[in-house]
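> So that we are looking at the same thing, I have put the structure below in structure tokens.
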Amino acid sequence: MSVHQSSNIKRITTHTLQEMKSRGEKISMLTAYDFSMAAIVDGAGIDIILVGDSASNVMAGHETTLPITMDQMIYHASSVVRGVKRAFVVVDIPFGSYQGNSSEALRSAIRIMKESGAHAVKVEGGSEIKESITRILSAGVPVMGHLGLTPQSIYKFGTYTVRAKEEEEANKLLEDAKILEETGCFALVLEKIPAKLAKKVAETVSIPVIGIGAGGDVDGQVLVVHDMLGITQEFKPRFLRQYADLQNIMTKAVQDYISDVKSKDFPNESESY
Ligand code: KIV
């Protein structure tokens with residue numbers, strides 16, 4: 001079989017990620033939702049790009065991740081894929097497109113892979129979505145799990161606070177992590193849970209465990225790119241490290257432009273034909 005590769009950059013695969021866990025190399029992961037941001041994040045050398053359903057909050061201004069649709073996720077994902085040369089691209093299956101119906105889960109995963117060109121899908125939940133995960137995997141689509149604070153269930157939790165602080169929920173989370181591994185997930189995200197529990201999960205399962213608000217003793221870290229770049233400023237949870245202050249930089253640039261237009265400084269002669 002001949003395989004067409006448009007560049008000679010070595011792409012990250014599920015195999016690469018498993019090897020990174022085996023040798024103790026931490027995995028870096030960020031979200032992206034559009035071509036330009038994906039090209040920057042990929043060019044900087046990120047390992048995994050997540051086209052998260054957090055696009056619902058960050059890109060569309062919704063309060064939760066629930067309203068985003070399949071068509072919208074595919075639009076974001078296909079834009080990201082066109083900007084990426086090296087990173088492994090994972091796409092969230094949106095709320096209502098995989099829970100409770102494994103045939104629909106399979107259809108959703110296949111649509112995402114076919115229409116976006118992404119490399120894997122991500123789903124939220126444990127034992128209750130095992131059948132859906134099995135069906136998706138049967139089509140050869142890699143699946144990333146997501147446990148802990150799962151934003152698609154926000155109305156069940158009622159709050160965005162730390163999950164699995166109590167023994168019962170912690171035990172269920174550990175069992176769910178084992179189920180996800182046994183079912184065949186290639187990796188899993190742990191969101192906003194105690195660091196000690198996250199460490200135990202990462203030591204128990206053989207697949208890579210990526211944390212967000214889950215401490216440092218996991219196999220990698222993920223953040224929402226708009227939060228870590230300081231484009232969004234309202235959301236400042238304890239786990240977020242802000243690496244830039246782009247909101248202020250961008251605001252200043254726009255104000256300078258407005259001022260230059262009003263004062264007739266822009267455009268000058270060299271900027272005209
Ligand atoms: O949608 C998203 O951005 C996510 C990350 C927070 C893991 O699921």
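Starting from 1 in every chain, residues are counted up; chains themselves are A, B, ... following the order of the structure tokens, and ligands are numbered from 1 as listed.
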Just asking: which residues within segment 42-201 of chain A are strand (DSSP E) according to DSSP, as number ranges by chain?
A: 48-51, 88-92, 120-122, 143-148, 187-191
> Can you tell me, as a list in words, what residues are no more than 12 Å from His15 of chain A when counting only C-alpha atoms, ignoring any on the same chain fewer than 2 positions away?
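Neighbouring residues, sequence-local ones excluded: Arg11, Ile12, Thr13, Leu17, Gln18, Glu19, Met20, Lys21, Ser22, Phe88, Pro142, Phe186, Ala187, Ile207 and Pro208 of chain A.
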> Any idea what's packed within 12 Å of segment 156-161 of chain A, counting only C-alpha atoms, ignoring anything in its chain fewer than 2 positions away? Could you give it as JSON, numbers by chain?
{"A": [64, 148, 149, 150, 151, 152, 153, 154, 163, 164, 165, 191, 192, 193, 194, 213, 235, 237, 238, 239]}
> Export, as a PDB file, in the first residue's frame, the selected residues with N, CA, C and O atoms.

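Result went into result17.pdb, see below:
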ATOM      1  N   THR A  64     -22.381  27.007  28.583  1.00  0.00           N
ATOM      2  CA  THR A  64     -21.944  25.619  28.776  1.00  0.00           C
ATOM      3  C   THR A  64     -21.511  25.034  27.429  1.00  0.00           C
ATOM      4  O   THR A  64     -21.650  25.672  26.379  1.00  0.00           O
ATOM      5  N   GLY A 148     -13.866  12.718  35.729  1.00  0.00           N
ATOM      6  CA  GLY A 148     -13.732  13.793  36.715  1.00  0.00           C
ATOM      7  C   GLY A 148     -14.802  14.828  36.459  1.00  0.00           C
ATOM      8  O   GLY A 148     -15.985  14.483  36.328  1.00  0.00           O
ATOM      9  N   LEU A 149     -14.399  16.086  36.361  1.00  0.00           N
ATOM     10  CA  LEU A 149     -15.368  17.119  35.994  1.00  0.00           C
ATOM     11  C   LEU A 149     -15.610  17.014  34.496  1.00  0.00           C
ATOM     12  O   LEU A 149     -14.743  17.363  33.689  1.00  0.00           O
ATOM     13  N   THR A 150     -16.752  16.491  34.131  1.00  0.00           N
ATOM     14  CA  THR A 150     -17.092  16.330  32.710  1.00  0.00           C
ATOM     15  C   THR A 150     -18.156  17.388  32.385  1.00  0.00           C
ATOM     16  O   THR A 150     -19.320  17.239  32.775  1.00  0.00           O
ATOM     17  N   PRO A 151     -17.754  18.463  31.673  1.00  0.00           N
ATOM     18  CA  PRO A 151     -18.647  19.618  31.526  1.00  0.00           C
ATOM     19  C   PRO A 151     -19.977  19.317  30.837  1.00  0.00           C
ATOM     20  O   PRO A 151     -20.948  20.057  31.021  1.00  0.00           O
ATOM     21  N   GLN A 152     -20.047  18.231  30.047  1.00  0.00           N
ATOM     22  CA  GLN A 152     -21.339  17.919  29.418  1.00  0.00           C
ATOM     23  C   GLN A 152     -22.375  17.481  30.465  1.00  0.00           C
ATOM     24  O   GLN A 152     -23.563  17.424  30.172  1.00  0.00           O
ATOM     25  N   SER A 153     -21.905  17.134  31.690  1.00  0.00           N
ATOM     26  CA  SER A 153     -22.831  16.723  32.760  1.00  0.00           C
ATOM     27  C   SER A 153     -22.996  17.818  33.809  1.00  0.00           C
ATOM     28  O   SER A 153     -23.348  17.540  34.956  1.00  0.00           O
ATOM     29  N   ILE A 154     -22.730  19.058  33.433  1.00  0.00           N
ATOM     30  CA  ILE A 154     -22.715  20.137  34.419  1.00  0.00           C
ATOM     31  C   ILE A 154     -24.040  20.282  35.163  1.00  0.00           C
ATOM     32  O   ILE A 154     -24.074  20.600  36.353  1.00  0.00           O
ATOM     33  N   ARG A 163     -14.078  17.463  41.566  1.00  0.00           N
ATOM     34  CA  ARG A 163     -14.831  16.208  41.665  1.00  0.00           C
ATOM     35  C   ARG A 163     -14.028  15.167  42.445  1.00  0.00           C
ATOM     36  O   ARG A 163     -12.812  15.305  42.605  1.00  0.00           O
ATOM     37  N   ALA A 164     -14.729  14.105  42.839  1.00  0.00           N
ATOM     38  CA  ALA A 164     -14.130  12.895  43.421  1.00  0.00           C
ATOM     39  C   ALA A 164     -13.292  13.157  44.668  1.00  0.00           C
ATOM     40  O   ALA A 164     -12.256  12.517  44.877  1.00  0.00           O
ATOM     41  N   LYS A 165     -13.764  14.089  45.496  1.00  0.00           N
ATOM     42  CA  LYS A 165     -13.068  14.326  46.771  1.00  0.00           C
ATOM     43  C   LYS A 165     -13.481  13.260  47.795  1.00  0.00           C
ATOM     44  O   LYS A 165     -12.740  12.937  48.703  1.00  0.00           O
ATOM     45  N   GLU A 191     -10.143  15.691  34.651  1.00  0.00           N
ATOM     46  CA  GLU A 191     -10.366  17.125  34.868  1.00  0.00           C
ATOM     47  C   GLU A 191     -10.771  17.403  36.311  1.00  0.00           C
ATOM     48  O   GLU A 191     -11.712  16.809  36.839  1.00  0.00           O
ATOM     49  N   LYS A 192     -10.060  18.335  36.920  1.00  0.00           N
ATOM     50  CA  LYS A 192     -10.386  18.911  38.232  1.00  0.00           C
ATOM     51  C   LYS A 192     -10.703  17.852  39.292  1.00  0.00           C
ATOM     52  O   LYS A 192     -11.833  17.758  39.779  1.00  0.00           O
ATOM     53  N   ILE A 193      -9.701  17.051  39.611  1.00  0.00           N
ATOM     54  CA  ILE A 193      -9.836  16.063  40.697  1.00  0.00           C
ATOM     55  C   ILE A 193      -8.599  16.189  41.583  1.00  0.00           C
ATOM     56  O   ILE A 193      -7.581  16.760  41.168  1.00  0.00           O
ATOM     57  N   PRO A 194      -8.624  15.652  42.808  1.00  0.00           N
ATOM     58  CA  PRO A 194      -7.457  15.756  43.683  1.00  0.00           C
ATOM     59  C   PRO A 194      -6.206  15.129  43.036  1.00  0.00           C
ATOM     60  O   PRO A 194      -6.298  14.063  42.402  1.00  0.00           O
ATOM     61  N   GLY A 213      -6.119  20.488  35.922  1.00  0.00           N
ATOM     62  CA  GLY A 213      -6.514  20.628  37.322  1.00  0.00           C
ATOM     63  C   GLY A 213      -6.439  19.302  38.046  1.00  0.00           C
ATOM     64  O   GLY A 213      -7.250  19.016  38.926  1.00  0.00           O
ATOM     65  N   PHE A 235     -12.111  33.819  33.332  1.00  0.00           N
ATOM     66  CA  PHE A 235     -12.024  32.466  33.870  1.00  0.00           C
ATOM     67  C   PHE A 235     -10.620  32.245  34.427  1.00  0.00           C
ATOM     68  O   PHE A 235      -9.667  32.112  33.671  1.00  0.00           O
ATOM     69  N   PRO A 237      -9.373  29.812  37.115  1.00  0.00           N
ATOM     70  CA  PRO A 237      -9.326  28.772  38.156  1.00  0.00           C
ATOM     71  C   PRO A 237      -7.895  28.599  38.656  1.00  0.00           C
ATOM     72  O   PRO A 237      -6.931  28.994  37.979  1.00  0.00           O
ATOM     73  N   ARG A 238      -7.767  28.000  39.823  1.00  0.00           N
ATOM     74  CA  ARG A 238      -6.449  27.805  40.447  1.00  0.00           C
ATOM     75  C   ARG A 238      -5.476  27.023  39.552  1.00  0.00           C
ATOM     76  O   ARG A 238      -4.277  27.268  39.542  1.00  0.00           O
ATOM     77  N   PHE A 239      -6.014  26.084  38.754  1.00  0.00           N
ATOM     78  CA  PHE A 239      -5.124  25.240  37.944  1.00  0.00           C
ATOM     79  C   PHE A 239      -4.576  25.942  36.717  1.00  0.00           C
ATOM     80  O   PHE A 239      -3.672  25.440  36.055  1.00  0.00           O
TER      81      PHE A 239
END
> Residues up to 6 Å from ligand 1, counting only C-alpha atoms and all ligand atoms: could you list those as a list in words?
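After applying the 6 Å limit, what remains is Thr31, Gly52, Asp53, Ser54 and Val224 of chain A.
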> Only N, CA and C atoms, please: the residues just picked out, written as an mmCIF file, in the first residue's frame.

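Once everything was written out, this is again.cif:
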data_model
loop_
_atom_site.group_PDB
_atom_site.id
_atom_site.type_symbol
_atom_site.label_atom_id
_atom_site.label_comp_id
_atom_site.auth_asym_id
_atom_site.auth_seq_id
_atom_site.Cartn_x
_atom_site.Cartn_y
_atom_site.Cartn_z
ATOM 1 N N THR A 31 -5.977 23.150 23.457
ATOM 2 C CA THR A 31 -7.110 23.206 22.539
ATOM 3 C C THR A 31 -6.764 24.136 21.380
ATOM 4 N N GLY A 52 -11.805 21.005 21.362
ATOM 5 C CA GLY A 52 -12.704 20.756 22.478
ATOM 6 C C GLY A 52 -14.082 21.348 22.220
ATOM 7 N N ASP A 53 -15.082 20.744 22.880
ATOM 8 C CA ASP A 53 -16.410 21.358 22.784
ATOM 9 C C ASP A 53 -16.460 22.622 23.649
ATOM 10 N N SER A 54 -15.324 22.956 24.302
ATOM 11 C CA SER A 54 -15.188 24.259 24.956
ATOM 12 C C SER A 54 -15.267 25.372 23.909
ATOM 13 N N VAL A 224 -6.998 25.081 28.009
ATOM 14 C CA VAL A 224 -7.709 25.768 26.924
ATOM 15 C C VAL A 224 -6.805 26.912 26.461
#
> Would you list the contacts of Val141 of chain A as a PyMOL selection string, taking every protein, DNA or RNA residue within 8 Å and counting only C-alpha atoms, but skipping same-chain residues closer than 6 positions in sequence?
chain A and resi 109-110+113+119-121
> Only all heavy atoms, please: the residues just picked out, written as a PDB file, in the first residue's frame.

ATOM      1  N   ALA A 109     -18.909   9.455  15.345  1.00  0.00           N
ATOM      2  CA  ALA A 109     -17.443   9.346  15.257  1.00  0.00           C
ATOM      3  C   ALA A 109     -16.999   9.252  13.796  1.00  0.00           C
ATOM      4  O   ALA A 109     -16.030   9.906  13.391  1.00  0.00           O
ATOM      5  CB  ALA A 109     -16.966   8.122  16.035  1.00  0.00           C
ATOM      6  N   ILE A 110     -17.730   8.462  13.015  1.00  0.00           N
ATOM      7  CA  ILE A 110     -17.357   8.311  11.603  1.00  0.00           C
ATOM      8  C   ILE A 110     -17.514   9.633  10.862  1.00  0.00           C
ATOM      9  O   ILE A 110     -16.660  10.023  10.068  1.00  0.00           O
ATOM     10  CB  ILE A 110     -18.176   7.169  10.942  1.00  0.00           C
ATOM     11  CG1 ILE A 110     -17.667   5.825  11.481  1.00  0.00           C
ATOM     12  CG2 ILE A 110     -18.084   7.219   9.418  1.00  0.00           C
ATOM     13  CD1 ILE A 110     -18.413   4.609  11.001  1.00  0.00           C
ATOM     14  N   MET A 113     -14.528  11.880  11.751  1.00  0.00           N
ATOM     15  CA  MET A 113     -13.279  11.443  11.115  1.00  0.00           C
ATOM     16  C   MET A 113     -13.301  11.719   9.610  1.00  0.00           C
ATOM     17  O   MET A 113     -12.335  12.221   9.045  1.00  0.00           O
ATOM     18  CB  MET A 113     -13.056   9.944  11.363  1.00  0.00           C
ATOM     19  CG  MET A 113     -12.956   9.548  12.815  1.00  0.00           C
ATOM     20  SD  MET A 113     -11.549  10.252  13.683  1.00  0.00           S
ATOM     21  CE  MET A 113     -10.232   9.194  13.127  1.00  0.00           C
ATOM     22  N   HIS A 119      -7.807  12.809  13.898  1.00  0.00           N
ATOM     23  CA  HIS A 119      -7.161  11.515  14.139  1.00  0.00           C
ATOM     24  C   HIS A 119      -7.823  10.670  15.222  1.00  0.00           C
ATOM     25  O   HIS A 119      -7.509   9.495  15.371  1.00  0.00           O
ATOM     26  CB  HIS A 119      -5.690  11.747  14.517  1.00  0.00           C
ATOM     27  CG  HIS A 119      -4.992  12.662  13.570  1.00  0.00           C
ATOM     28  ND1 HIS A 119      -4.231  13.737  13.972  1.00  0.00           N
ATOM     29  CD2 HIS A 119      -4.978  12.683  12.215  1.00  0.00           C
ATOM     30  CE1 HIS A 119      -3.767  14.379  12.913  1.00  0.00           C
ATOM     31  NE2 HIS A 119      -4.203  13.765  11.842  1.00  0.00           N
ATOM     32  N   ALA A 120      -8.686  11.292  16.043  1.00  0.00           N
ATOM     33  CA  ALA A 120      -9.321  10.557  17.144  1.00  0.00           C
ATOM     34  C   ALA A 120     -10.493  11.380  17.665  1.00  0.00           C
ATOM     35  O   ALA A 120     -10.615  12.579  17.368  1.00  0.00           O
ATOM     36  CB  ALA A 120      -8.313  10.317  18.275  1.00  0.00           C
ATOM     37  N   VAL A 121     -11.323  10.735  18.475  1.00  0.00           N
ATOM     38  CA  VAL A 121     -12.435  11.451  19.117  1.00  0.00           C
ATOM     39  C   VAL A 121     -12.308  11.336  20.634  1.00  0.00           C
ATOM     40  O   VAL A 121     -11.607  10.456  21.138  1.00  0.00           O
ATOM     41  CB  VAL A 121     -13.816  10.908  18.667  1.00  0.00           C
ATOM     42  CG1 VAL A 121     -14.034  11.136  17.183  1.00  0.00           C
ATOM     43  CG2 VAL A 121     -13.975   9.433  19.037  1.00  0.00           C
TER      44      VAL A 121
END
> Give the answer as one residue: which of A:Ala177, A:Ala118, A:Val58, A:Ala87 has the shortest atom-to-atom distance to Tyr75 of chain A, using only C-alpha atoms?
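Ranked by minimum distance to Tyr75 of chain A, first place goes to A:Ala118.
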> Name the residues of segment 23-222 of chain A that fall into alpha helix (DSSP H) according to DSSP on the backbone, using the chain letters and numbers of this document, as a PyMOL selection string.
chain A and resi 23+35-43+55-58+70-83+102-116+130-138+154-157+167-183+195-204
